[in-house]
Amino acid sequence: MQQGKSNIRHLSLSELEQYFERLGQQKFRAKQVYEWLWQKHAHSFEAMTNLSKELRQKLQDEFTLPALTVDATQYSADGTIKSRFHTHDAHLVEGVLIPTDERKTACVSSQIGCSLSCKFCATGYMDRKRNLDYDEIYDEVVLINQQSERVYEKKLTNIVFMGMGEPLLNYKNVLKSIERITSPDGLGMSPRRITVSTAGVARMIRQLGEDKVKFKLALSLHAANDQKRNEIMPINETNHIKALIEALNFFYQQTGNEITFEYILFKDFNDSRQDADELVKIYRQVPADLVNIIEYNPIEAAVFSKPDEFTTQQFMQHLEKNKVNARLRRSRGKDIDAACGQLANKESV
Ligand code: SF4
């Protein structure tokens with residue numbers, strides 16, 4: 001980004017209005033520019049053709065308009081599409097389009113890399129470089145939506161913040177991006193179609209409750225007792241399961257929004273009858289709608305593998321017997337490293 005200039009997308013509509021007033025321009029110019037920025041997805045001032053040449057030049061002189069661009073795209077045999085995006089400061093970040101008959105879901109990243117070092121996750125083995133700005137997260141959604149329209153002739157129906165990074169450690173940008181995604185002068189999507197997934201930052205889960213957010217929340221649980229969870233998710237050492245249960249209850253009291261647990265099954269680690277029992281216990285303490293049991297996708301850096309089909313089915317049946325609303329999620333996009341926990345900016349094929 002050029003020095004001294006500010007990112008025009010970091011100005012609110014009223015700040016833009018004030019700017020144009022100071023220039024002696026009419027107020028509606030701000031609306032026009034805002035539309036170019038958030039609805040027509042202009043990536044240059046030159047593209048804003050309903051402004052005079054002089055005005056476009058003025059904006060060009062005073063502001064920057066950095067945007068994500070698609071650096072590489074990979075297509076999985078199952079229809080999943082992984083994109084690697086390029087930021088204005090030469091970082092790479094990934095997003096995934098997961099199509100089913102009923103849904104077109106974008107899985108977006110909130111940080112470049114991640115600081116939480118979950119042992120089973122490829123992103124966890126990368127350093128956290130920086131947070132994504134809200135306009136960059138917005139761009140991910142816009143670019144994946146364009147892909148969905150091009151390849152599947154359908155708009156995105158859902159967004160999950162389950163890509164690279166811990167969304168609640170980039171709280172302001174994630175919330176602001178959702179405000180832009182859901183606003184009528186942004187993408188106009190329903191917040192009920194958005195799920196933010198956290199590795200479990202209790203304080204920030206409470207903050208979501210206090211802020212009375214409208215989107216859904218998923219907790220990546222992956223182990224149902226503190227000892228095991230500490231082993232695979234270091235964040236648990238300071239955010240233990242009891243604190244998470246309390247925070248989730250507070251979130252639910254404040255918002256009434258859907259809560260989901262995510263639980264990846266790891267062979268001989270968290271797939272026994274006792275593990276299932278402990279998961280049932282946690283489920284009963286939280287008004288959660290659903291437990292997603294996720295098929296693990298091995299990554300090179302980690303020692304975990306997935307259990308055999310029989311063990312997986314036993315685990316599922318035990319949950320069912322105990323009236324847990326659980327669903328088995330088969331992996332998508334495995335062949336292109338686009339599945340859960342596999343995002344690591346690997347070279348494309
Ligand atoms: S699972 Fe999520 S929070 Fe954990 S290291 Fe991976 S990206 Fe970070």
# chains A, B, ... in the order shown; residues from 1 in each chain; ligands from 1
>>> residues_around(residues="range 13-24 of chain A", least_positions_apart="4", cutoff="10 Å", atoms="only C-alpha atoms", output="number ranges by chain")
A: 8-9, 28-31, 33-35, 55, 58
>>> residues_near_ligand(ligand="ligand 1", cutoff="8 Å", atoms="only C-alpha atoms and all ligand atoms", output="ChimeraX atom specification")
/A:113-125,162-166,198-199,220,233,341
>>> write_last_selection(atoms="N, CA and C atoms", output="PDB file, in the first residue's frame")
ATOM      1  N   GLY A 113      -2.164 -17.487   8.538  1.00  0.00           N
ATOM      2  CA  GLY A 113      -1.557 -18.393   9.513  1.00  0.00           C
ATOM      3  C   GLY A 113      -2.404 -18.428  10.777  1.00  0.00           C
ATOM      4  N   CYS A 114      -1.858 -19.010  11.849  1.00  0.00           N
ATOM      5  CA  CYS A 114      -2.623 -19.091  13.099  1.00  0.00           C
ATOM      6  C   CYS A 114      -1.659 -19.268  14.252  1.00  0.00           C
ATOM      7  N   SER A 115      -2.006 -18.669  15.388  1.00  0.00           N
ATOM      8  CA  SER A 115      -1.092 -18.737  16.533  1.00  0.00           C
ATOM      9  C   SER A 115      -1.459 -19.863  17.494  1.00  0.00           C
ATOM     10  N   LEU A 116      -2.530 -20.602  17.224  1.00  0.00           N
ATOM     11  CA  LEU A 116      -3.015 -21.523  18.255  1.00  0.00           C
ATOM     12  C   LEU A 116      -2.424 -22.933  18.207  1.00  0.00           C
ATOM     13  N   SER A 117      -1.741 -23.255  17.135  1.00  0.00           N
ATOM     14  CA  SER A 117      -0.953 -24.506  17.065  1.00  0.00           C
ATOM     15  C   SER A 117      -1.712 -25.776  17.432  1.00  0.00           C
ATOM     16  N   CYS A 118      -2.924 -25.917  16.970  1.00  0.00           N
ATOM     17  CA  CYS A 118      -3.626 -27.190  17.178  1.00  0.00           C
ATOM     18  C   CYS A 118      -2.841 -28.278  16.445  1.00  0.00           C
ATOM     19  N   LYS A 119      -2.675 -29.406  17.123  1.00  0.00           N
ATOM     20  CA  LYS A 119      -1.714 -30.400  16.649  1.00  0.00           C
ATOM     21  C   LYS A 119      -2.134 -31.142  15.377  1.00  0.00           C
ATOM     22  N   PHE A 120      -3.417 -31.110  15.074  1.00  0.00           N
ATOM     23  CA  PHE A 120      -3.926 -31.886  13.937  1.00  0.00           C
ATOM     24  C   PHE A 120      -4.114 -31.023  12.695  1.00  0.00           C
ATOM     25  N   CYS A 121      -3.794 -29.727  12.801  1.00  0.00           N
ATOM     26  CA  CYS A 121      -4.206 -28.781  11.771  1.00  0.00           C
ATOM     27  C   CYS A 121      -2.991 -28.234  11.020  1.00  0.00           C
ATOM     28  N   ALA A 122      -3.060 -28.274   9.710  1.00  0.00           N
ATOM     29  CA  ALA A 122      -1.920 -27.818   8.898  1.00  0.00           C
ATOM     30  C   ALA A 122      -1.643 -26.331   9.128  1.00  0.00           C
ATOM     31  N   THR A 123      -2.705 -25.530   9.291  1.00  0.00           N
ATOM     32  CA  THR A 123      -2.506 -24.097   9.523  1.00  0.00           C
ATOM     33  C   THR A 123      -1.770 -23.867  10.846  1.00  0.00           C
ATOM     34  N   GLY A 124      -2.045 -24.749  11.819  1.00  0.00           N
ATOM     35  CA  GLY A 124      -1.430 -24.625  13.137  1.00  0.00           C
ATOM     36  C   GLY A 124       0.090 -24.772  13.104  1.00  0.00           C
ATOM     37  N   TYR A 125       0.608 -25.312  12.020  1.00  0.00           N
ATOM     38  CA  TYR A 125       2.060 -25.451  11.901  1.00  0.00           C
ATOM     39  C   TYR A 125       2.693 -24.257  11.184  1.00  0.00           C
ATOM     40  N   MET A 162     -14.202 -21.057   9.028  1.00  0.00           N
ATOM     41  CA  MET A 162     -13.494 -22.257   9.474  1.00  0.00           C
ATOM     42  C   MET A 162     -12.198 -22.458   8.703  1.00  0.00           C
ATOM     43  N   GLY A 163     -11.767 -21.422   8.006  1.00  0.00           N
ATOM     44  CA  GLY A 163     -10.521 -21.531   7.243  1.00  0.00           C
ATOM     45  C   GLY A 163      -9.330 -21.270   8.146  1.00  0.00           C
ATOM     46  N   MET A 164      -8.333 -20.596   7.612  1.00  0.00           N
ATOM     47  CA  MET A 164      -7.116 -20.357   8.397  1.00  0.00           C
ATOM     48  C   MET A 164      -7.374 -19.313   9.479  1.00  0.00           C
ATOM     49  N   GLY A 165      -6.864 -19.605  10.674  1.00  0.00           N
ATOM     50  CA  GLY A 165      -6.934 -18.603  11.738  1.00  0.00           C
ATOM     51  C   GLY A 165      -8.042 -18.825  12.736  1.00  0.00           C
ATOM     52  N   GLU A 166      -7.931 -18.140  13.865  1.00  0.00           N
ATOM     53  CA  GLU A 166      -8.941 -18.176  14.920  1.00  0.00           C
ATOM     54  C   GLU A 166      -9.760 -16.875  14.828  1.00  0.00           C
ATOM     55  N   THR A 198     -14.909 -21.401  16.489  1.00  0.00           N
ATOM     56  CA  THR A 198     -13.788 -21.044  17.364  1.00  0.00           C
ATOM     57  C   THR A 198     -13.147 -22.283  17.984  1.00  0.00           C
ATOM     58  N   ALA A 199     -11.838 -22.171  18.217  1.00  0.00           N
ATOM     59  CA  ALA A 199     -11.133 -23.231  18.930  1.00  0.00           C
ATOM     60  C   ALA A 199     -11.420 -23.122  20.433  1.00  0.00           C
ATOM     61  N   SER A 220     -14.986 -25.869  18.133  1.00  0.00           N
ATOM     62  CA  SER A 220     -14.159 -27.017  17.760  1.00  0.00           C
ATOM     63  C   SER A 220     -13.721 -27.696  19.037  1.00  0.00           C
ATOM     64  N   MET A 233      -4.909 -29.277  21.634  1.00  0.00           N
ATOM     65  CA  MET A 233      -5.258 -27.863  21.443  1.00  0.00           C
ATOM     66  C   MET A 233      -4.714 -27.053  22.621  1.00  0.00           C
ATOM     67  N   GLY A 341      -8.905 -28.499   8.247  1.00  0.00           N
ATOM     68  CA  GLY A 341      -7.582 -28.634   8.871  1.00  0.00           C
ATOM     69  C   GLY A 341      -6.428 -28.808   7.894  1.00  0.00           C
TER      70      GLY A 341
END
>>> residues_around(residues="range 240-249 of chain A", least_positions_apart="3", cutoff="7 Å", atoms="only C-alpha atoms", output="ChimeraX atom specification")
/A:200,202,205-206,226,236-237,252-253,285-286
>>> residues_around(residues="range 318-333 of chain A", least_positions_apart="2", cutoff="9 Å", atoms="only C-alpha atoms", output="count of residues only")
38
>>> select_by_dssp(residues="range 71-300 of chain A", states="helix (DSSP H, G or I)", output="mmCIF file with N, CA and C atoms, in the first residue's frame")
data_model
loop_
_atom_site.group_PDB
_atom_site.id
_atom_site.type_symbol
_atom_site.label_atom_id
_atom_site.label_comp_id
_atom_site.auth_asym_id
_atom_site.auth_seq_id
_atom_site.Cartn_x
_atom_site.Cartn_y
_atom_site.Cartn_z
ATOM 1 N N THR A 123 -2.705 -25.530 9.291
ATOM 2 C CA THR A 123 -2.506 -24.097 9.523
ATOM 3 C C THR A 123 -1.770 -23.867 10.846
ATOM 4 N N GLY A 124 -2.045 -24.749 11.819
ATOM 5 C CA GLY A 124 -1.430 -24.625 13.137
ATOM 6 C C GLY A 124 0.090 -24.772 13.104
ATOM 7 N N TYR A 125 0.608 -25.312 12.020
ATOM 8 C CA TYR A 125 2.060 -25.451 11.901
ATOM 9 C C TYR A 125 2.693 -24.257 11.184
ATOM 10 N N TYR A 134 -11.123 -6.438 7.540
ATOM 11 C CA TYR A 134 -12.489 -6.850 7.215
ATOM 12 C C TYR A 134 -12.784 -6.783 5.723
ATOM 13 N N ASP A 135 -12.141 -5.831 5.039
ATOM 14 C CA ASP A 135 -12.390 -5.762 3.591
ATOM 15 C C ASP A 135 -11.750 -6.952 2.874
ATOM 16 N N GLU A 136 -10.684 -7.496 3.443
ATOM 17 C CA GLU A 136 -10.061 -8.681 2.831
ATOM 18 C C GLU A 136 -10.935 -9.921 3.036
ATOM 19 N N ILE A 137 -11.518 -10.030 4.220
ATOM 20 C CA ILE A 137 -12.428 -11.163 4.464
ATOM 21 C C ILE A 137 -13.639 -11.038 3.531
ATOM 22 N N TYR A 138 -14.112 -9.818 3.381
ATOM 23 C CA TYR A 138 -15.238 -9.553 2.475
ATOM 24 C C TYR A 138 -14.874 -9.971 1.049
ATOM 25 N N ASP A 139 -13.660 -9.625 0.630
ATOM 26 C CA ASP A 139 -13.209 -10.007 -0.715
ATOM 27 C C ASP A 139 -13.197 -11.518 -0.902
ATOM 28 N N GLU A 140 -12.780 -12.252 0.129
ATOM 29 C CA GLU A 140 -12.800 -13.719 0.015
ATOM 30 C C GLU A 140 -14.202 -14.192 -0.339
ATOM 31 N N VAL A 141 -15.184 -13.652 0.387
ATOM 32 C CA VAL A 141 -16.571 -14.066 0.160
ATOM 33 C C VAL A 141 -17.018 -13.675 -1.250
ATOM 34 N N VAL A 142 -16.686 -12.461 -1.657
ATOM 35 C CA VAL A 142 -17.076 -11.990 -2.996
ATOM 36 C C VAL A 142 -16.447 -12.879 -4.073
ATOM 37 N N LEU A 143 -15.167 -13.177 -3.925
ATOM 38 C CA LEU A 143 -14.478 -13.979 -4.950
ATOM 39 C C LEU A 143 -15.020 -15.410 -4.987
ATOM 40 N N ILE A 144 -15.312 -15.959 -3.822
ATOM 41 C CA ILE A 144 -15.855 -17.332 -3.803
ATOM 42 C C ILE A 144 -17.293 -17.327 -4.347
ATOM 43 N N ASN A 145 -18.022 -16.268 -4.063
ATOM 44 C CA ASN A 145 -19.377 -16.145 -4.622
ATOM 45 C C ASN A 145 -19.332 -16.065 -6.150
ATOM 46 N N GLN A 146 -18.381 -15.313 -6.663
ATOM 47 C CA GLN A 146 -18.248 -15.217 -8.123
ATOM 48 C C GLN A 146 -17.931 -16.582 -8.729
ATOM 49 N N GLN A 147 -17.077 -17.326 -8.034
ATOM 50 C CA GLN A 147 -16.752 -18.686 -8.479
ATOM 51 C C GLN A 147 -17.999 -19.567 -8.501
ATOM 52 N N SER A 148 -18.788 -19.458 -7.432
ATOM 53 C CA SER A 148 -19.994 -20.269 -7.324
ATOM 54 C C SER A 148 -20.959 -19.949 -8.472
ATOM 55 N N GLU A 149 -21.084 -18.675 -8.769
ATOM 56 C CA GLU A 149 -21.980 -18.275 -9.867
ATOM 57 C C GLU A 149 -21.441 -18.776 -11.210
ATOM 58 N N ARG A 150 -20.125 -18.702 -11.373
ATOM 59 C CA ARG A 150 -19.523 -19.104 -12.645
ATOM 60 C C ARG A 150 -19.599 -20.622 -12.845
ATOM 61 N N VAL A 151 -19.234 -21.367 -11.805
ATOM 62 C CA VAL A 151 -19.127 -22.826 -11.969
ATOM 63 C C VAL A 151 -20.476 -23.520 -11.739
ATOM 64 N N TYR A 152 -21.231 -23.052 -10.750
ATOM 65 C CA TYR A 152 -22.471 -23.763 -10.379
ATOM 66 C C TYR A 152 -23.735 -22.961 -10.691
ATOM 67 N N PRO A 167 -11.002 -16.968 14.357
ATOM 68 C CA PRO A 167 -11.791 -15.753 14.128
ATOM 69 C C PRO A 167 -11.932 -14.857 15.367
ATOM 70 N N LEU A 168 -12.030 -15.486 16.547
ATOM 71 C CA LEU A 168 -12.269 -14.658 17.738
ATOM 72 C C LEU A 168 -11.008 -13.943 18.213
ATOM 73 N N LEU A 169 -9.869 -14.277 17.626
ATOM 74 C CA LEU A 169 -8.662 -13.495 17.918
ATOM 75 C C LEU A 169 -8.464 -12.390 16.874
ATOM 76 N N ASN A 170 -9.420 -12.265 15.981
ATOM 77 C CA ASN A 170 -9.460 -11.129 15.051
ATOM 78 C C ASN A 170 -10.891 -10.586 15.080
ATOM 79 N N TYR A 171 -11.333 -10.370 16.306
ATOM 80 C CA TYR A 171 -12.747 -10.140 16.608
ATOM 81 C C TYR A 171 -13.354 -8.982 15.810
ATOM 82 N N LYS A 172 -12.686 -7.828 15.875
ATOM 83 C CA LYS A 172 -13.288 -6.627 15.265
ATOM 84 C C LYS A 172 -13.447 -6.785 13.765
ATOM 85 N N ASN A 173 -12.402 -7.304 13.122
ATOM 86 C CA ASN A 173 -12.475 -7.451 11.661
ATOM 87 C C ASN A 173 -13.501 -8.502 11.246
ATOM 88 N N VAL A 174 -13.583 -9.575 12.031
ATOM 89 C CA VAL A 174 -14.565 -10.616 11.693
ATOM 90 C C VAL A 174 -15.981 -10.051 11.831
ATOM 91 N N LEU A 175 -16.242 -9.344 12.924
ATOM 92 C CA LEU A 175 -17.586 -8.793 13.103
ATOM 93 C C LEU A 175 -17.920 -7.735 12.051
ATOM 94 N N LYS A 176 -16.921 -6.917 11.747
ATOM 95 C CA LYS A 176 -17.157 -5.873 10.747
ATOM 96 C C LYS A 176 -17.370 -6.505 9.356
ATOM 97 N N SER A 177 -16.632 -7.567 9.051
ATOM 98 C CA SER A 177 -16.834 -8.221 7.744
ATOM 99 C C SER A 177 -18.242 -8.801 7.684
ATOM 100 N N ILE A 178 -18.719 -9.337 8.787
ATOM 101 C CA ILE A 178 -20.076 -9.912 8.792
ATOM 102 C C ILE A 178 -21.118 -8.794 8.667
ATOM 103 N N GLU A 179 -20.818 -7.660 9.269
ATOM 104 C CA GLU A 179 -21.738 -6.520 9.107
ATOM 105 C C GLU A 179 -21.840 -6.154 7.624
ATOM 106 N N ARG A 180 -20.707 -6.124 6.932
ATOM 107 C CA ARG A 180 -20.696 -5.779 5.489
ATOM 108 C C ARG A 180 -21.369 -6.885 4.653
ATOM 109 N N ILE A 181 -21.124 -8.143 5.023
ATOM 110 C CA ILE A 181 -21.689 -9.270 4.265
ATOM 111 C C ILE A 181 -23.216 -9.292 4.408
ATOM 112 N N THR A 182 -23.708 -8.899 5.588
ATOM 113 C CA THR A 182 -25.147 -9.012 5.829
ATOM 114 C C THR A 182 -25.900 -7.708 5.537
ATOM 115 N N PRO A 191 -27.624 -13.271 8.387
ATOM 116 C CA PRO A 191 -26.634 -13.721 9.391
ATOM 117 C C PRO A 191 -26.893 -15.158 9.853
ATOM 118 N N ARG A 192 -28.116 -15.622 9.673
ATOM 119 C CA ARG A 192 -28.442 -17.006 10.069
ATOM 120 C C ARG A 192 -27.726 -18.019 9.173
ATOM 121 N N ARG A 193 -27.193 -17.537 8.080
ATOM 122 C CA ARG A 193 -26.472 -18.417 7.143
ATOM 123 C C ARG A 193 -24.966 -18.391 7.397
ATOM 124 N N ALA A 202 -12.874 -18.442 25.600
ATOM 125 C CA ALA A 202 -14.073 -18.250 26.432
ATOM 126 C C ALA A 202 -14.478 -16.776 26.550
ATOM 127 N N ARG A 203 -13.488 -15.925 26.796
ATOM 128 C CA ARG A 203 -13.772 -14.498 26.993
ATOM 129 C C ARG A 203 -14.456 -13.895 25.762
ATOM 130 N N MET A 204 -14.010 -14.302 24.590
ATOM 131 C CA MET A 204 -14.563 -13.729 23.370
ATOM 132 C C MET A 204 -15.920 -14.359 22.997
ATOM 133 N N ILE A 205 -16.145 -15.594 23.457
ATOM 134 C CA ILE A 205 -17.481 -16.191 23.256
ATOM 135 C C ILE A 205 -18.491 -15.380 24.070
ATOM 136 N N ARG A 206 -18.086 -14.995 25.268
ATOM 137 C CA ARG A 206 -18.956 -14.141 26.097
ATOM 138 C C ARG A 206 -19.190 -12.793 25.425
ATOM 139 N N GLN A 207 -18.111 -12.272 24.835
ATOM 140 C CA GLN A 207 -18.224 -10.979 24.153
ATOM 141 C C GLN A 207 -19.257 -11.056 23.016
ATOM 142 N N LEU A 208 -19.259 -12.180 22.295
ATOM 143 C CA LEU A 208 -20.253 -12.356 21.232
ATOM 144 C C LEU A 208 -21.667 -12.263 21.813
ATOM 145 N N GLY A 209 -21.822 -12.868 22.996
ATOM 146 C CA GLY A 209 -23.119 -12.798 23.672
ATOM 147 C C GLY A 209 -23.457 -11.361 24.032
ATOM 148 N N GLU A 210 -22.492 -10.666 24.614
ATOM 149 C CA GLU A 210 -22.730 -9.269 24.998
ATOM 150 C C GLU A 210 -23.054 -8.415 23.786
ATOM 151 N N ASP A 226 -10.312 -32.327 29.610
ATOM 152 C CA ASP A 226 -9.245 -31.321 29.539
ATOM 153 C C ASP A 226 -7.879 -31.919 29.235
ATOM 154 N N GLN A 227 -7.640 -33.095 29.798
ATOM 155 C CA GLN A 227 -6.311 -33.683 29.608
ATOM 156 C C GLN A 227 -6.045 -33.950 28.127
ATOM 157 N N LYS A 228 -7.011 -34.560 27.461
ATOM 158 C CA LYS A 228 -6.832 -34.858 26.034
ATOM 159 C C LYS A 228 -6.865 -33.583 25.196
ATOM 160 N N ARG A 229 -7.732 -32.681 25.592
ATOM 161 C CA ARG A 229 -7.850 -31.452 24.795
ATOM 162 C C ARG A 229 -6.567 -30.621 24.896
ATOM 163 N N ASN A 230 -5.969 -30.592 26.096
ATOM 164 C CA ASN A 230 -4.684 -29.883 26.258
ATOM 165 C C ASN A 230 -3.631 -30.436 25.295
ATOM 166 N N GLU A 231 -3.696 -31.750 25.122
ATOM 167 C CA GLU A 231 -2.695 -32.410 24.279
ATOM 168 C C GLU A 231 -2.764 -31.969 22.825
ATOM 169 N N ILE A 232 -3.972 -31.772 22.320
ATOM 170 C CA ILE A 232 -4.092 -31.452 20.885
ATOM 171 C C ILE A 232 -4.415 -29.984 20.619
ATOM 172 N N PRO A 234 -3.516 -26.490 22.482
ATOM 173 C CA PRO A 234 -2.898 -25.772 23.608
ATOM 174 C C PRO A 234 -3.775 -24.653 24.180
ATOM 175 N N ILE A 235 -4.678 -24.108 23.396
ATOM 176 C CA ILE A 235 -5.569 -23.040 23.893
ATOM 177 C C ILE A 235 -6.385 -23.526 25.096
ATOM 178 N N ASN A 236 -6.579 -24.853 25.171
ATOM 179 C CA ASN A 236 -7.393 -25.392 26.260
ATOM 180 C C ASN A 236 -6.746 -25.201 27.632
ATOM 181 N N GLU A 237 -5.422 -25.013 27.644
ATOM 182 C CA GLU A 237 -4.750 -24.842 28.938
ATOM 183 C C GLU A 237 -5.239 -23.593 29.653
ATOM 184 N N ILE A 241 -12.502 -26.742 29.511
ATOM 185 C CA ILE A 241 -13.846 -27.095 29.025
ATOM 186 C C ILE A 241 -14.951 -26.479 29.884
ATOM 187 N N LYS A 242 -14.740 -26.452 31.196
ATOM 188 C CA LYS A 242 -15.781 -25.883 32.074
ATOM 189 C C LYS A 242 -16.027 -24.404 31.719
ATOM 190 N N ALA A 243 -14.933 -23.670 31.506
ATOM 191 C CA ALA A 243 -15.076 -22.243 31.154
ATOM 192 C C ALA A 243 -15.776 -22.093 29.810
ATOM 193 N N LEU A 244 -15.511 -23.011 28.904
ATOM 194 C CA LEU A 244 -16.163 -22.945 27.596
ATOM 195 C C LEU A 244 -17.656 -23.239 27.703
ATOM 196 N N ILE A 245 -17.982 -24.236 28.518
ATOM 197 C CA ILE A 245 -19.402 -24.571 28.711
ATOM 198 C C ILE A 245 -20.144 -23.355 29.282
ATOM 199 N N GLU A 246 -19.528 -22.693 30.251
ATOM 200 C CA GLU A 246 -20.178 -21.507 30.854
ATOM 201 C C GLU A 246 -20.328 -20.396 29.815
ATOM 202 N N ALA A 247 -19.282 -20.202 29.033
ATOM 203 C CA ALA A 247 -19.328 -19.132 28.024
ATOM 204 C C ALA A 247 -20.392 -19.437 26.967
ATOM 205 N N LEU A 248 -20.496 -20.694 26.568
ATOM 206 C CA LEU A 248 -21.496 -21.059 25.552
ATOM 207 C C LEU A 248 -22.913 -20.862 26.092
ATOM 208 N N ASN A 249 -23.108 -21.186 27.355
ATOM 209 C CA ASN A 249 -24.428 -20.963 27.953
ATOM 210 C C ASN A 249 -24.769 -19.484 28.001
ATOM 211 N N PHE A 250 -23.761 -18.678 28.317
ATOM 212 C CA PHE A 250 -23.979 -17.230 28.339
ATOM 213 C C PHE A 250 -24.328 -16.736 26.926
ATOM 214 N N PHE A 251 -23.574 -17.212 25.941
ATOM 215 C CA PHE A 251 -23.832 -16.840 24.543
ATOM 216 C C PHE A 251 -25.278 -17.176 24.175
ATOM 217 N N TYR A 252 -25.701 -18.366 24.560
ATOM 218 C CA TYR A 252 -27.053 -18.794 24.192
ATOM 219 C C TYR A 252 -28.127 -17.962 24.899
ATOM 220 N N GLN A 253 -27.888 -17.699 26.190
ATOM 221 C CA GLN A 253 -28.861 -16.859 26.940
ATOM 222 C C GLN A 253 -29.029 -15.495 26.269
ATOM 223 N N GLN A 254 -27.925 -14.941 25.825
ATOM 224 C CA GLN A 254 -27.944 -13.584 25.276
ATOM 225 C C GLN A 254 -28.493 -13.520 23.860
ATOM 226 N N THR A 255 -28.252 -14.576 23.072
ATOM 227 C CA THR A 255 -28.580 -14.494 21.638
ATOM 228 C C THR A 255 -29.632 -15.497 21.174
ATOM 229 N N ARG A 273 -15.612 -45.682 23.564
ATOM 230 C CA ARG A 273 -16.912 -45.570 24.220
ATOM 231 C C ARG A 273 -16.845 -44.500 25.316
ATOM 232 N N GLN A 274 -15.740 -44.496 26.075
ATOM 233 C CA GLN A 274 -15.614 -43.510 27.156
ATOM 234 C C GLN A 274 -15.559 -42.074 26.605
ATOM 235 N N ASP A 275 -14.857 -41.926 25.494
ATOM 236 C CA ASP A 275 -14.814 -40.589 24.869
ATOM 237 C C ASP A 275 -16.224 -40.153 24.464
ATOM 238 N N ALA A 276 -16.972 -41.097 23.897
ATOM 239 C CA ALA A 276 -18.341 -40.777 23.478
ATOM 240 C C ALA A 276 -19.184 -40.378 24.692
ATOM 241 N N ASP A 277 -18.999 -41.117 25.798
ATOM 242 C CA ASP A 277 -19.742 -40.798 27.023
ATOM 243 C C ASP A 277 -19.417 -39.385 27.510
ATOM 244 N N GLU A 278 -18.131 -39.041 27.466
ATOM 245 C CA GLU A 278 -17.724 -37.701 27.929
ATOM 246 C C GLU A 278 -18.304 -36.618 27.018
ATOM 247 N N LEU A 279 -18.376 -36.930 25.735
ATOM 248 C CA LEU A 279 -18.967 -35.981 24.787
ATOM 249 C C LEU A 279 -20.468 -35.798 25.078
ATOM 250 N N VAL A 280 -21.140 -36.892 25.377
ATOM 251 C CA VAL A 280 -22.570 -36.827 25.718
ATOM 252 C C VAL A 280 -22.764 -35.898 26.928
ATOM 253 N N LYS A 281 -21.888 -36.060 27.908
ATOM 254 C CA LYS A 281 -21.976 -35.256 29.140
ATOM 255 C C LYS A 281 -21.877 -33.753 28.819
ATOM 256 N N ILE A 282 -20.927 -33.414 27.988
ATOM 257 C CA ILE A 282 -20.754 -31.996 27.627
ATOM 258 C C ILE A 282 -21.979 -31.502 26.859
ATOM 259 N N TYR A 283 -22.425 -32.306 25.914
ATOM 260 C CA TYR A 283 -23.595 -31.948 25.095
ATOM 261 C C TYR A 283 -24.802 -31.620 25.980
ATOM 262 N N ARG A 284 -24.943 -32.369 27.059
ATOM 263 C CA ARG A 284 -26.104 -32.162 27.951
ATOM 264 C C ARG A 284 -25.997 -30.878 28.773
ATOM 265 N N GLN A 285 -24.806 -30.324 28.823
ATOM 266 C CA GLN A 285 -24.638 -29.089 29.621
ATOM 267 C C GLN A 285 -24.739 -27.816 28.791
#
>>> closest_residue(among="A:Asp211, A:His88, A:Val160, A:Ala106", to="Thr195 in chain A", atoms="only C-alpha atoms")
A:Val160
>>> select_by_dssp(residues="range 7-81 of chain A", states="strand (DSSP E or B)", output="number ranges by chain")
A: 7, 63-64, 69-75, 81
>>> write_last_selection(atoms="C-alpha atoms", output="JSON list (two decimals), in the first residue's frame")
[["chain", "number", "residue", "atom", "x", "y", "z"],
["A", 7, "ASN", "CA", -7.61, 2.48, 2.48],
["A", 63, "PHE", "CA", -6.67, 6.77, -1.14],
["A", 64, "THR", "CA", -5.68, 3.21, -1.80],
["A", 69, "THR", "CA", -6.82, -11.35, -6.00],
["A", 70, "VAL", "CA", -7.00, -15.02, -6.89],
["A", 71, "ASP", "CA", -3.49, -16.44, -7.04],
["A", 72, "ALA", "CA", -4.33, -20.09, -7.79],
["A", 73, "THR", "CA", -7.39, -22.33, -7.95],
["A", 74, "GLN", "CA", -7.68, -26.08, -7.51],
["A", 75, "TYR", "CA", -10.70, -28.21, -8.42],
["A", 81, "ILE", "CA", -12.87, -25.60, -5.17]]
>>> atom_distance(atom1="CA of Ile112 in chain A", atom2="CA of Arg130 in chain A")
5.5 Å
>>> atom_distance(atom1="CA of Lys155 in chain A", atom2="CA of Lys212 in chain A")
27.3 Å
>>> atom_distance(atom1="CA of Phe310 in chain A", atom2="CA of Asp101 in chain A")
27.9 Å
>>> closest_atom_pairs(of="range 202-273 of chain A", to="range 304-309 of chain A", cutoff="7 Å", atoms="only C-alpha atoms", output="CSV")
residue,atom,partner,partner_atom,distance
A:Leu265,CA,A:Lys306,CA,6.4
A:Phe266,CA,A:Lys306,CA,5.1
A:Lys267,CA,A:Pro307,CA,4.2
>>> closest_residue(among="A:Gln57, A:Thr238, A:Ser44, A:Asn158", to="Thr100 in chain A", atoms="only C-alpha atoms")
A:Asn158
